[in-house]
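The next block is run37.txt, given as compact mmCIF, C-alpha atoms and all ligand atoms.
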# COMPACT_ATOMS: atom_id res chain seq x y z
CA MET A 27 -205.40 -127.64 24.84
CA LYS A 28 -207.75 -124.74 25.60
CA SER A 29 -211.47 -125.29 25.57
CA CYS A 30 -214.00 -123.12 23.77
CA LEU A 31 -217.77 -123.13 24.08
CA VAL A 32 -219.39 -121.98 20.83
CA VAL A 33 -222.85 -120.55 21.50
CA ASP A 34 -225.02 -119.83 18.48
CA ASP A 35 -228.51 -120.85 17.39
CA SER A 36 -227.31 -121.28 13.81
CA LYS A 37 -225.90 -124.68 13.04
CA VAL A 38 -223.98 -123.26 10.09
CA ILE A 39 -222.23 -120.63 12.20
CA ARG A 40 -221.36 -123.19 14.88
CA LYS A 41 -219.85 -125.40 12.22
CA VAL A 42 -217.75 -122.60 10.70
CA ALA A 43 -216.57 -121.41 14.11
CA ARG A 44 -215.75 -124.96 15.12
CA ARG A 45 -213.65 -125.48 12.02
CA ILE A 46 -211.67 -122.27 12.52
CA LEU A 47 -211.14 -122.84 16.25
CA GLU A 48 -210.17 -126.48 15.90
CA GLU A 49 -207.48 -125.40 13.48
CA LEU A 50 -206.31 -122.98 16.15
CA ASP A 51 -206.07 -125.95 18.51
CA PHE A 52 -209.14 -125.42 20.66
CA ASP A 53 -211.25 -128.18 22.12
CA ILE A 54 -214.84 -127.33 21.12
CA ARG A 55 -218.22 -127.78 22.76
CA GLU A 56 -221.40 -126.30 21.29
CA ALA A 57 -224.53 -124.77 22.77
CA VAL A 58 -227.65 -123.62 20.92
CA ASP A 59 -228.83 -120.82 23.22
CA GLY A 60 -227.98 -119.01 26.46
CA GLN A 61 -229.65 -121.54 28.73
CA ASP A 62 -227.96 -124.45 27.00
CA ALA A 63 -224.66 -122.59 27.40
CA LEU A 64 -225.26 -122.02 31.12
CA ASN A 65 -225.85 -125.73 31.57
CA ALA A 66 -222.66 -126.49 29.67
CA CYS A 67 -220.72 -124.05 31.88
CA HIS A 68 -222.25 -125.70 34.92
CA ASP A 69 -220.85 -129.07 33.79
CA MET A 70 -217.43 -127.60 33.10
CA LEU A 71 -216.22 -124.03 32.72
CA PRO A 72 -214.54 -123.45 29.33
CA ASP A 73 -211.49 -121.22 28.87
CA VAL A 74 -213.40 -119.10 26.40
CA VAL A 75 -216.96 -118.60 25.21
CA LEU A 76 -217.71 -117.44 21.65
CA LEU A 77 -221.13 -115.92 22.09
CA ASP A 78 -223.96 -114.94 19.75
CA TRP A 79 -226.39 -112.27 20.91
CA ASN A 80 -229.85 -113.01 19.48
CA MET A 81 -230.97 -116.51 20.35
CA PRO A 82 -234.25 -118.10 21.49
CA VAL A 83 -234.85 -119.10 25.15
CA MET A 84 -232.01 -116.97 26.54
CA ASN A 85 -230.00 -114.35 24.63
CA GLY A 86 -226.25 -113.85 24.80
CA LEU A 87 -226.30 -110.80 27.05
CA ASP A 88 -228.52 -112.52 29.65
CA PHE A 89 -226.25 -115.55 29.52
CA LEU A 90 -223.20 -113.35 30.08
CA LYS A 91 -224.77 -111.63 33.10
CA ALA A 92 -225.79 -114.97 34.59
CA LEU A 93 -222.35 -116.44 33.95
CA ARG A 94 -220.51 -113.51 35.52
CA ALA A 95 -222.78 -113.68 38.58
CA SER A 96 -222.16 -117.41 39.07
CA ASP A 97 -219.46 -119.19 41.01
CA GLY A 98 -216.14 -119.02 39.08
CA GLY A 99 -218.01 -117.36 36.22
CA ASP A 100 -215.57 -114.45 36.12
CA LYS A 101 -212.88 -116.77 34.75
CA PRO A 102 -213.89 -117.64 31.17
CA VAL A 103 -212.94 -115.13 28.52
CA VAL A 104 -216.09 -114.09 26.69
CA VAL A 105 -215.96 -112.99 23.06
CA PHE A 106 -219.24 -111.80 21.57
CA CYS A 107 -219.79 -112.72 17.94
CA THR A 108 -222.93 -111.12 16.60
CA THR A 109 -224.57 -109.19 13.76
CA GLU A 110 -225.35 -106.42 16.27
CA ASN A 111 -222.78 -103.89 15.14
CA ASP A 112 -223.69 -100.59 16.76
CA MET A 113 -221.87 -98.82 19.55
CA SER A 114 -224.74 -99.18 22.06
CA HIS A 115 -224.73 -102.97 21.79
CA ILE A 116 -220.94 -103.06 22.01
CA SER A 117 -220.95 -100.86 25.14
CA ALA A 118 -223.68 -102.95 26.77
CA ALA A 119 -221.69 -106.14 26.14
CA ILE A 120 -218.43 -104.74 27.48
CA SER A 121 -220.13 -103.28 30.58
CA ALA A 122 -221.69 -106.67 31.26
CA GLY A 123 -218.21 -108.20 31.29
CA ALA A 124 -217.44 -109.27 27.72
CA ASP A 125 -213.71 -109.25 26.92
CA GLU A 126 -213.87 -108.84 23.16
CA TYR A 127 -216.48 -108.29 20.48
CA ILE A 128 -216.66 -109.58 16.94
CA MET A 129 -219.09 -108.08 14.46
CA LYS A 130 -220.38 -110.63 11.95
CA PRO A 131 -219.55 -111.53 9.28
CA PHE A 132 -216.32 -112.91 10.66
CA ASP A 133 -213.51 -114.92 9.15
CA ARG A 134 -210.51 -116.84 10.39
CA GLU A 135 -208.32 -113.75 10.50
CA ILE A 136 -210.71 -111.79 12.69
CA ILE A 137 -211.14 -114.68 15.13
CA GLU A 138 -207.38 -115.13 15.28
CA SER A 139 -206.76 -111.42 15.78
CA LYS A 140 -209.37 -111.09 18.54
CA PHE A 141 -208.35 -114.28 20.35
CA SER A 142 -204.71 -113.24 20.33
CA GLN A 143 -205.62 -109.83 21.78
CA VAL A 144 -207.19 -111.43 24.81
CA GLY A 145 -204.15 -113.68 25.19
CA LEU A 146 -205.75 -116.96 24.10
CA ILE A 147 -203.34 -117.58 21.24
CA MET B 24 -198.58 -111.51 -22.12
CA ARG B 25 -195.68 -111.01 -24.51
CA LYS B 26 -192.19 -110.95 -23.09
CA GLU B 27 -191.52 -107.39 -24.27
CA ASP B 28 -194.75 -106.19 -22.66
CA PHE B 29 -193.82 -107.79 -19.38
CA GLU B 30 -190.39 -106.21 -19.59
CA LEU B 31 -191.80 -102.78 -20.34
CA LEU B 32 -194.20 -102.92 -17.39
CA SER B 33 -191.69 -104.32 -14.93
CA LYS B 34 -189.16 -101.67 -15.93
CA ILE B 35 -191.68 -98.89 -15.36
CA LEU B 36 -192.67 -100.35 -11.99
CA LYS B 37 -189.10 -100.74 -10.84
CA GLU B 38 -188.17 -97.20 -11.84
CA ARG B 39 -191.20 -95.56 -10.31
CA SER B 40 -191.66 -97.51 -7.08
CA GLY B 41 -188.82 -99.98 -6.63
CA LEU B 42 -191.25 -102.86 -7.01
CA VAL B 43 -189.72 -105.93 -8.61
CA LEU B 44 -192.00 -108.31 -10.46
CA SER B 45 -190.79 -111.79 -11.21
CA GLU B 46 -192.18 -113.48 -14.29
CA ASP B 47 -194.42 -115.73 -12.26
CA LYS B 48 -196.40 -112.58 -11.37
CA VAL B 49 -197.74 -112.05 -14.89
CA TYR B 50 -201.17 -113.05 -13.65
CA LEU B 51 -201.02 -110.17 -11.15
CA LEU B 52 -200.30 -107.67 -13.91
CA GLU B 53 -203.19 -109.07 -15.89
CA SER B 54 -205.69 -109.13 -13.06
CA ARG B 55 -204.84 -105.68 -11.74
CA LEU B 56 -204.32 -103.80 -14.99
CA THR B 57 -207.21 -105.15 -17.04
CA PRO B 58 -209.74 -103.19 -14.92
CA ILE B 59 -207.78 -99.99 -15.68
CA ALA B 60 -207.95 -100.73 -19.41
CA ARG B 61 -211.71 -101.31 -19.13
CA LYS B 62 -212.20 -98.11 -17.15
CA LYS B 63 -210.47 -96.20 -19.92
CA GLY B 64 -212.83 -97.73 -22.47
CA MET B 65 -210.19 -99.99 -23.99
CA GLU B 66 -210.97 -103.51 -25.10
CA THR B 67 -207.94 -105.34 -23.81
CA LEU B 68 -204.82 -105.04 -21.72
CA ASP B 69 -202.83 -104.97 -24.97
CA ASP B 70 -204.48 -101.64 -25.85
CA LEU B 71 -203.41 -100.25 -22.49
CA ILE B 72 -199.85 -101.44 -22.97
CA ASN B 73 -199.76 -99.88 -26.44
CA GLU B 74 -201.02 -96.62 -25.01
CA ILE B 75 -198.26 -96.71 -22.40
CA ARG B 76 -195.67 -97.49 -25.05
CA LEU B 77 -196.87 -94.67 -27.33
CA ARG B 78 -197.45 -91.87 -24.91
CA ARG B 79 -196.13 -92.60 -21.38
CA LYS B 80 -198.66 -90.24 -19.89
CA GLU B 81 -197.80 -89.42 -16.28
CA ASP B 82 -201.28 -90.06 -14.77
CA LEU B 83 -201.61 -93.37 -16.53
CA LEU B 84 -198.20 -94.51 -15.32
CA ARG B 85 -199.11 -93.42 -11.80
CA GLU B 86 -202.39 -95.31 -11.96
CA VAL B 87 -200.63 -98.43 -13.20
CA THR B 88 -198.01 -98.20 -10.43
CA ASP B 89 -200.66 -97.65 -7.76
CA ALA B 90 -202.61 -100.65 -8.98
CA MET B 91 -199.56 -102.88 -8.67
CA THR B 92 -198.50 -101.94 -5.13
CA THR B 93 -199.87 -103.86 -2.18
CA ASN B 94 -201.56 -101.53 0.29
CA GLU B 95 -202.75 -103.99 2.87
CA SER B 96 -202.29 -102.82 6.44
CA PHE B 97 -203.89 -103.30 9.81
CA PHE B 98 -203.95 -101.72 13.21
CA PHE B 99 -201.16 -102.81 15.59
CA ARG B 100 -199.86 -105.11 12.87
CA ASP B 101 -197.84 -107.98 14.44
CA ASN B 102 -198.28 -106.36 17.90
CA THR B 103 -194.61 -106.77 18.96
CA PRO B 104 -193.25 -103.62 17.27
CA PHE B 105 -195.95 -101.55 18.92
CA ASP B 106 -195.30 -103.13 22.32
CA LEU B 107 -191.59 -102.46 21.85
CA PHE B 108 -192.28 -98.89 20.82
CA LYS B 109 -194.35 -98.30 23.93
CA GLU B 110 -192.38 -100.23 26.52
CA ASP B 111 -188.83 -99.88 25.26
CA VAL B 112 -188.23 -97.16 22.68
CA LEU B 113 -190.48 -94.46 24.11
CA PRO B 114 -189.26 -94.68 27.74
CA ALA B 115 -185.63 -94.40 26.54
CA LEU B 116 -186.44 -91.39 24.41
CA MET B 117 -188.33 -89.75 27.28
CA LYS B 118 -185.15 -89.99 29.34
CA ASN B 119 -182.84 -88.78 26.60
CA ARG B 120 -184.65 -85.91 24.93
CA ALA B 121 -184.28 -82.86 27.18
CA ASN B 122 -186.09 -80.67 24.66
CA LYS B 123 -189.17 -82.88 24.93
CA ARG B 124 -189.53 -83.21 21.19
CA LEU B 125 -189.95 -86.37 19.18
CA ARG B 126 -190.33 -87.02 15.48
CA ILE B 127 -191.71 -90.31 14.18
CA TRP B 128 -191.88 -91.30 10.53
CA CYS B 129 -194.05 -93.97 8.96
CA ALA B 130 -192.31 -94.28 5.61
CA ALA B 131 -194.90 -96.54 3.96
CA ALA B 132 -197.98 -95.37 5.80
CA SER B 133 -200.51 -96.78 3.36
CA THR B 134 -204.08 -96.25 4.61
CA GLY B 135 -203.00 -94.94 8.01
CA GLN B 136 -203.38 -97.90 10.38
CA GLU B 137 -199.71 -97.81 11.39
CA PRO B 138 -199.41 -94.07 12.21
CA TYR B 139 -202.80 -94.13 13.91
CA SER B 140 -201.80 -97.12 16.06
CA LEU B 141 -198.85 -95.02 17.23
CA GLY B 142 -201.16 -92.05 17.75
CA ILE B 143 -203.42 -94.18 19.96
CA ILE B 144 -200.46 -95.41 22.02
CA LEU B 145 -199.29 -91.82 22.56
CA LYS B 146 -202.81 -90.65 23.40
CA GLU B 147 -203.14 -93.42 26.00
CA MET B 148 -199.93 -92.10 27.61
CA GLU B 149 -201.08 -88.50 27.51
CA THR B 150 -200.44 -87.75 31.17
CA GLN B 151 -196.84 -89.02 31.13
CA LEU B 152 -196.26 -87.15 27.89
CA SER B 153 -197.67 -83.81 28.94
CA GLY B 154 -195.35 -81.03 27.76
CA TRP B 155 -193.99 -83.18 24.94
CA LYS B 156 -194.28 -82.18 21.32
CA ILE B 157 -194.54 -85.29 19.18
CA GLU B 158 -194.79 -85.27 15.41
CA ILE B 159 -195.92 -88.28 13.39
CA ILE B 160 -195.32 -88.02 9.65
CA GLY B 161 -196.93 -90.57 7.36
CA THR B 162 -195.69 -90.81 3.79
CA ASP B 163 -196.51 -93.08 0.89
CA LEU B 164 -196.02 -93.23 -2.85
CA SER B 165 -199.73 -93.44 -3.51
CA GLN B 166 -201.95 -90.38 -3.14
CA ASP B 167 -205.03 -92.61 -3.06
CA VAL B 168 -204.03 -94.43 0.10
CA LEU B 169 -203.02 -91.14 1.72
CA ASP B 170 -206.45 -89.69 1.00
CA LYS B 171 -207.99 -92.65 2.72
CA ALA B 172 -205.55 -92.31 5.61
CA LYS B 173 -206.44 -88.64 6.06
CA ALA B 174 -210.16 -89.38 6.11
CA GLY B 175 -209.51 -92.10 8.70
CA ILE B 176 -212.59 -94.06 7.66
CA TYR B 177 -212.39 -97.85 7.85
CA SER B 178 -214.69 -100.76 7.11
CA GLN B 179 -216.01 -103.09 9.78
CA PHE B 180 -213.57 -105.67 8.50
CA GLU B 181 -210.59 -103.31 8.82
CA VAL B 182 -211.37 -102.21 12.38
CA GLN B 183 -211.55 -105.82 13.50
CA ARG B 184 -208.07 -106.73 12.39
CA GLY B 185 -205.68 -105.89 15.20
CA LEU B 186 -207.75 -103.29 17.00
CA PRO B 187 -208.95 -104.21 20.51
CA ILE B 188 -212.67 -103.50 20.98
CA LYS B 189 -212.02 -101.09 23.85
CA LEU B 190 -209.85 -98.92 21.62
CA LEU B 191 -212.54 -99.02 18.93
CA MET B 192 -215.07 -97.80 21.50
CA LYS B 193 -212.77 -95.08 22.73
CA TYR B 194 -211.35 -93.66 19.52
CA PHE B 195 -213.85 -94.34 16.74
CA THR B 196 -217.31 -93.16 15.80
CA GLN B 197 -219.68 -95.12 13.67
CA ALA B 198 -220.77 -93.71 10.31
CA GLY B 199 -223.21 -96.14 8.74
CA GLU B 200 -221.32 -99.32 7.99
CA MET B 201 -218.00 -97.54 8.42
CA TRP B 202 -215.95 -96.38 11.40
CA GLN B 203 -214.05 -93.11 11.59
CA ILE B 204 -211.08 -92.54 13.86
CA SER B 205 -211.47 -89.49 16.11
CA GLU B 206 -210.28 -86.07 15.07
CA ASP B 207 -207.88 -85.99 18.04
CA ILE B 208 -205.95 -88.93 16.66
CA ARG B 209 -206.23 -87.78 13.04
CA ASN B 210 -204.70 -84.44 14.01
CA MET B 211 -201.65 -86.16 15.46
CA VAL B 212 -200.53 -87.36 12.01
CA THR B 213 -199.37 -85.31 9.01
CA TYR B 214 -199.51 -87.08 5.67
CA LYS B 215 -197.58 -86.31 2.52
CA PRO B 216 -196.75 -88.15 -0.67
CA TYR B 217 -193.17 -89.31 -0.76
CA ASN B 218 -191.31 -91.85 -2.82
CA LEU B 219 -188.75 -93.96 -0.95
CA LEU B 220 -186.59 -93.88 -4.07
CA ASP B 221 -186.24 -90.08 -3.80
CA SER B 222 -183.75 -88.22 -1.62
CA PHE B 223 -184.90 -87.87 2.02
CA GLY B 224 -182.98 -84.64 2.59
CA MET B 225 -186.09 -82.49 2.85
CA LEU B 226 -187.72 -84.54 5.58
CA GLY B 227 -185.27 -83.86 8.43
CA LYS B 228 -184.28 -86.25 11.20
CA PHE B 229 -186.50 -88.72 13.03
CA ASP B 230 -186.10 -90.45 16.38
CA VAL B 231 -188.10 -93.45 15.22
CA ILE B 232 -188.73 -94.70 11.68
CA PHE B 233 -191.30 -97.33 10.80
CA CYS B 234 -190.54 -98.70 7.32
CA ARG B 235 -192.57 -101.85 7.39
CA ASN B 236 -193.74 -104.25 4.72
CA VAL B 237 -192.51 -102.25 1.77
CA LEU B 238 -188.82 -103.20 1.32
CA ILE B 239 -189.98 -106.76 0.85
CA TYR B 240 -191.24 -105.82 -2.63
CA PHE B 241 -187.91 -104.26 -3.67
CA HIS B 242 -184.79 -105.56 -5.38
CA GLN B 243 -181.80 -106.24 -3.04
CA ASP B 244 -179.91 -103.16 -4.29
CA THR B 245 -182.92 -100.94 -3.77
CA LYS B 246 -183.45 -102.31 -0.25
CA ALA B 247 -179.81 -101.63 0.63
CA ASP B 248 -179.94 -98.13 -0.83
CA VAL B 249 -183.13 -97.21 1.06
CA LEU B 250 -181.75 -98.61 4.34
CA ASN B 251 -178.48 -96.70 3.95
CA ARG B 252 -180.34 -93.49 3.33
CA LEU B 253 -182.76 -94.07 6.23
CA ARG B 254 -179.71 -94.16 8.48
CA GLU B 255 -178.95 -90.56 7.47
CA GLN B 256 -182.38 -89.47 8.68
CA MET B 257 -181.82 -90.40 12.32
CA PRO B 258 -179.47 -89.59 15.19
CA GLU B 259 -177.14 -92.25 16.54
CA ASP B 260 -179.71 -93.45 19.08
CA GLY B 261 -182.50 -93.61 16.51
CA THR B 262 -184.65 -96.70 16.04
CA LEU B 263 -185.81 -98.42 12.87
CA PHE B 264 -188.72 -100.84 12.68
CA LEU B 265 -189.00 -103.24 9.74
CA GLY B 266 -191.73 -105.74 8.86
CA ALA B 267 -191.75 -109.32 10.13
CA ALA B 268 -190.35 -110.69 6.86
CA GLU B 269 -187.72 -107.99 6.41
CA THR B 270 -184.18 -107.60 7.71
CA VAL B 271 -181.00 -105.52 7.39
CA LEU B 272 -178.80 -108.61 7.36
CA GLY B 273 -176.83 -108.98 4.17
CA LEU B 274 -178.02 -105.57 2.97
CA THR B 275 -176.31 -102.92 5.09
CA ASP B 276 -174.03 -102.68 8.09
CA LYS B 277 -175.44 -99.32 9.13
CA PHE B 278 -178.13 -100.98 11.24
CA LYS B 279 -178.02 -103.97 13.58
CA PRO B 280 -180.84 -106.15 14.87
CA VAL B 281 -181.28 -106.17 18.64
CA SER B 282 -181.53 -109.63 20.12
CA GLY B 283 -184.83 -110.41 21.76
CA LYS B 284 -186.50 -107.43 20.07
CA ARG B 285 -188.03 -108.63 16.85
CA GLY B 286 -188.34 -106.11 14.04
CA LEU B 287 -186.33 -103.47 15.92
CA TYR B 288 -183.00 -102.20 14.56
CA LYS B 289 -180.49 -99.75 16.04
CA THR B 290 -177.65 -97.93 14.31
CA SER B 291 -174.29 -99.72 14.27
CA GLU B 292 -172.64 -96.85 16.17
CA TYR B 293 -175.21 -97.15 18.90
CA MET B 294 -174.74 -100.92 19.16
CA THR B 295 -170.95 -100.53 19.36
CA GLN B 296 -171.29 -97.98 22.18
CA ALA B 297 -173.78 -100.17 23.99
CA LEU B 298 -171.36 -103.09 23.76
CA LYS B 299 -168.51 -101.01 25.21
CA ALA B 300 -170.70 -99.72 28.02
CA GLY B 301 -171.50 -103.37 28.77
C1 LIG A 401 -198.14 -103.28 2.45
S1 LIG A 401 -198.19 -101.54 2.66
C2 LIG A 401 -197.45 -101.36 4.26
C3 LIG A 401 -198.29 -100.53 5.20
C4 LIG A 401 -197.78 -100.47 6.63
N1 LIG A 401 -196.44 -99.98 6.72
C5 LIG A 401 -197.87 -101.84 7.29
O1 LIG A 401 -196.86 -102.45 7.56
O2 LIG A 401 -198.99 -102.31 7.54
C6 LIG A 401 -196.94 -100.97 1.52
C7 LIG A 401 -197.08 -99.51 1.08
O3 LIG A 401 -195.86 -99.09 0.48
C8 LIG A 401 -196.13 -98.15 -0.52
N2 LIG A 401 -194.99 -98.04 -1.42
C9 LIG A 401 -194.59 -98.92 -2.36
N3 LIG A 401 -193.50 -98.47 -2.99
C10 LIG A 401 -193.19 -97.28 -2.42
C11 LIG A 401 -192.17 -96.31 -2.64
N4 LIG A 401 -191.24 -96.48 -3.60
N5 LIG A 401 -192.17 -95.19 -1.87
C12 LIG A 401 -193.11 -95.02 -0.92
N6 LIG A 401 -194.09 -95.89 -0.66
C13 LIG A 401 -194.13 -97.00 -1.41
C14 LIG A 401 -197.40 -98.68 -1.15
O4 LIG A 401 -198.11 -97.64 -1.80
C15 LIG A 401 -198.16 -99.26 0.04
O5 LIG A 401 -199.10 -98.35 0.55
This entry written out as structure tokens:
Amino acid sequence: MKSCLVVDDSKVIRKVARRILEELDFDIREAVDGQDALNACHDMLPDVVLLDWNMPVMNGLDFLKALRASDGGDKPVVVFCTTENDMSHISAAISAGADEYIMKPFDREIIESKFSQVGLI
Amino acid sequence: MRKEDFELLSKILKERSGLVLSEDKVYLLESRLTPIARKKGMETLDDLINEIRLRRKEDLLREVTDAMTTNESFFFRDNTPFDLFKEDVLPALMKNRANKRLRIWCAAASTGQEPYSLGIILKEMETQLSGWKIEIIGTDLSQDVLDKAKAGIYSQFEVQRGLPIKLLMKYFTQAGEMWQISEDIRNMVTYKPYNLLDSFGMLGKFDVIFCRNVLIYFHQDTKADVLNRLREQMPEDGTLFLGAAETVLGLTDKFKPVSGKRGLYKTSEYMTQALKAG
């Protein structure tokens, strides 16, 4: 079973994402902001991170940069999942090492489509 | 809905588009046609049906048919056919076409995602394909979907189904909440209205035909007839792609599936030759 770290400050979004990803057979952990996610990655690197952008303490982009700079941090697939839906945000995320990008609102089909593109399903 | 009304509507739909409606789809007729009645200022669906029965006006029949067809499509739908096109079909054609010309037909192009996915694949292979003249023709019964295809403007939802983010970045520009595919790619595709029930004579021959997710709505006889006539539109080494839930088996012996290549069909002559050649 593949593991997914769901990073979002909204409890509702984490719950929805968890439900969709569990149905797709992922083992889920949750983090509430970038720092929390870094700690979680430190404990154990997940196969994939589903990552919000705007969060308190540490935002998604800063988390991504820190992750990619850390030991083994190039391995997890990172899929942004954010309301930021303009080209400049998308480019910034991809240049920082994101593998895919989901613009909210999302549904099961979009998650499935994006995860299969990066070879997770 | 009364039985004779259902029969009238399903007859019209079958004649005009090939679509077969089983009686358990009455709710679909009701939910899709009632808005048309309302738009025309009529009180109920019965009024619309009476109008159809009395006058059979061409635009109304077209509108009714359009409303009943399913236009859903997405970029790189099912992935495999597009991988096969790129890694299998195209390399073979590049070896076998000395005149460096290719013609590709999307026979139920809908809102353009299928022809544009092919356009993107070809654009990505630009250097290998330099000197080649490749035509992509997209046809559909419905003028409305073709207008949308030509504009190449998609919602955020549509560009997230099947399209990798890097291709979105490379080939689309943002226009408010919508995304428009680049002019380069749009110019690779020619759209025209065409009914699969009509003779294909005028269209000429194609090296590759995508006829995906449309036969599934047709009656067995109509499927067989369309498949037999598609065969006439391609050379012996032509390739046909069907949708994931469609097949030639039990319908025609003019095409054969190719094992290990899902959704891809070759002409029977070609398969016989290939067998002989070992
Ligand atoms: C579900 S879409 C398929 C789009 C695309 N090929 C795909 O696989 O994603 C089916 C399309 O077939 C068109 N169609 C239905 N009957 C047709 C007919 N008799 N001739 C041509 N197009 C037809 C509909 O208008 C609709 O746009």
6 Å shell around ligand LIG 401 (chain A) using all atoms listed in the file, listed as number ranges by chain: B: 40-41, 92-97, 131-133, 137, 163-165, 217-220, 235-237
Closest pair table for chain B residues within 10 Å of chain A, all atoms listed in the file, as a Markdown table:
| residue | atom | partner | partner_atom | distance |
| --- | --- | --- | --- | --- |
| B:Arg100 | CA | A:Ser139 | CA | 9.8 |
| B:Asp101 | CA | A:Ser139 | CA | 9.7 |
| B:Asn102 | CA | A:Gln143 | CA | 9.0 |
| B:Gln179 | CA | A:Met129 | CA | 7.5 |
| B:Phe180 | CA | A:Ile136 | CA | 7.9 |
| B:Glu181 | CA | A:Ile136 | CA | 9.3 |
| B:Val182 | CA | A:Ile136 | CA | 9.6 |
| B:Gln183 | CA | A:Ile136 | CA | 6.1 |
| B:Arg184 | CA | A:Ile136 | CA | 5.7 |
| B:Gly185 | CA | A:Ser139 | CA | 5.7 |
| B:Leu186 | CA | A:Lys140 | CA | 8.1 |
| B:Pro187 | CA | A:Gln143 | CA | 6.7 |
| B:Ile188 | CA | A:Glu126 | CA | 5.9 |
| B:Lys189 | CA | A:Glu126 | CA | 8.0 |
| B:Leu191 | CA | A:Met113 | CA | 9.4 |
| B:Met192 | CA | A:Met113 | CA | 7.1 |
| B:Phe195 | CA | A:Met113 | CA | 9.6 |
| B:Thr196 | CA | A:Met113 | CA | 8.2 |
| B:Gln197 | CA | A:Met113 | CA | 7.3 |
| B:Ala198 | CA | A:Asp112 | CA | 9.9 |
| B:Gly199 | CA | A:Asp112 | CA | 9.2 |
| B:Glu200 | CA | A:Asn111 | CA | 8.6 |
Leaving out Asp59 in chain A and any residue of its chain fewer than 5 positions from it, which residues lie within 12 Å of it when counting all atoms listed in the file, given as a list in words?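 So the residues in contact are Leu31, Val32, Val33, Asp34, Asp35, Ser36, Lys37, Arg40, Leu64, Asn65, Ala66, Leu76, Leu77, Asp78, Trp79, Asn80, Met81, Pro82, Val83, Met84, Asn85, Gly86, Leu87, Asp88, Phe89 and Leu90 of chain A.
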What is the distance, in Å and to one decimal place, between CA of Lys284 in chain B and CA of Leu50 in chain A? 25.5 Å
Tell me which protein, DNA and RNA residues are within 7 Å of Tyr194 in chain B, counting only C-alpha atoms, leaving out same-chain ones fewer than 4 positions away, and put them as a list in words. Leu190, Ile204 and Ser205 of chain B
Tell me, in Å to one decimal, how far CA of Asp106 in chain B is from CA of Arg120 in chain B.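 Here the two named atoms are 20.4 Å from each other.
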Please return as a list in words every residue within 12 Å of (-191.2, -100.9, -15.4), taking into account only C-alpha atoms and the file's own coordinates. Glu27, Asp28, Phe29, Glu30, Leu31, Leu32, Ser33, Lys34, Ile35, Leu36, Lys37, Glu38, Arg39, Ser40, Gly41, Leu42, Val43, Leu44, Ser45, Leu52, Ile72, Ile75, Arg76, Arg79, Leu84, Arg85, Val87, Thr88 and Met91 of chain B
Find the residues near range 274-277 of chain B: any atom within 8 Å, counting all atoms listed in the file, skip ones fewer than 6 places away on the same chain, and give them as a ChimeraX atom specification. /B:243-244,246-247,250-251,254,290-292
Which is closer to Val212 in chain B than all the others in B:Gln296, B:Thr150, B:Thr262, B:Thr162, using only C-alpha atoms? B:Thr162
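One finds CA of Ile239 in chain B at 27.1 Å from CA of Leu68 in chain B.
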Shell of 7 Å around Cys30 in chain A, only C-alpha atoms, local chain residues under 5 positions omitted, as number ranges by chain: A: 52-55, 72-75
Need the neighbours of (-192.6, -82.9, 28.4): which residues are at most 12 Å away, counting all atoms listed in the file, as JSON, numbers by chain? {"B": [116, 117, 118, 119, 120, 121, 122, 123, 124, 125, 148, 149, 150, 151, 152, 153, 154, 155, 156, 157]}
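If all atoms listed in the file are the atoms counted, then among B:Val271, B:Ile232, B:Ala174, B:Ala115 the closest residue to Cys129 in chain B is B:Ile232.
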Complete the atom set of range 71-77 of chain A to N, CA, C and O atoms and return it as a PDB file, in the coordinates of the input.
ATOM      1  N   LEU A  71    -216.489-125.370  33.253  1.00  0.00           N
ATOM      2  CA  LEU A  71    -216.220-124.030  32.720  1.00  0.00           C
ATOM      3  C   LEU A  71    -215.202-124.109  31.583  1.00  0.00           C
ATOM      4  O   LEU A  71    -214.158-124.721  31.742  1.00  0.00           O
ATOM      5  N   PRO A  72    -215.525-123.477  30.437  1.00  0.00           N
ATOM      6  CA  PRO A  72    -214.540-123.450  29.330  1.00  0.00           C
ATOM      7  C   PRO A  72    -213.530-122.311  29.564  1.00  0.00           C
ATOM      8  O   PRO A  72    -213.763-121.446  30.404  1.00  0.00           O
ATOM      9  N   ASP A  73    -212.437-122.338  28.805  1.00  0.00           N
ATOM     10  CA  ASP A  73    -211.490-121.220  28.870  1.00  0.00           C
ATOM     11  C   ASP A  73    -212.064-119.978  28.203  1.00  0.00           C
ATOM     12  O   ASP A  73    -211.797-118.859  28.608  1.00  0.00           O
ATOM     13  N   VAL A  74    -212.847-120.233  27.152  1.00  0.00           N
ATOM     14  CA  VAL A  74    -213.400-119.100  26.400  1.00  0.00           C
ATOM     15  C   VAL A  74    -214.773-119.443  25.842  1.00  0.00           C
ATOM     16  O   VAL A  74    -215.057-120.601  25.518  1.00  0.00           O
ATOM     17  N   VAL A  75    -215.639-118.428  25.798  1.00  0.00           N
ATOM     18  CA  VAL A  75    -216.960-118.600  25.210  1.00  0.00           C
ATOM     19  C   VAL A  75    -217.064-117.667  23.996  1.00  0.00           C
ATOM     20  O   VAL A  75    -216.790-116.473  24.096  1.00  0.00           O
ATOM     21  N   LEU A  76    -217.415-118.243  22.848  1.00  0.00           N
ATOM     22  CA  LEU A  76    -217.710-117.440  21.650  1.00  0.00           C
ATOM     23  C   LEU A  76    -219.220-117.337  21.590  1.00  0.00           C
ATOM     24  O   LEU A  76    -219.913-118.337  21.451  1.00  0.00           O
ATOM     25  N   LEU A  77    -219.736-116.094  21.709  1.00  0.00           N
ATOM     26  CA  LEU A  77    -221.130-115.920  22.090  1.00  0.00           C
ATOM     27  C   LEU A  77    -221.944-115.089  21.118  1.00  0.00           C
ATOM     28  O   LEU A  77    -221.654-113.903  20.903  1.00  0.00           O
TER      29      LEU A  77
END
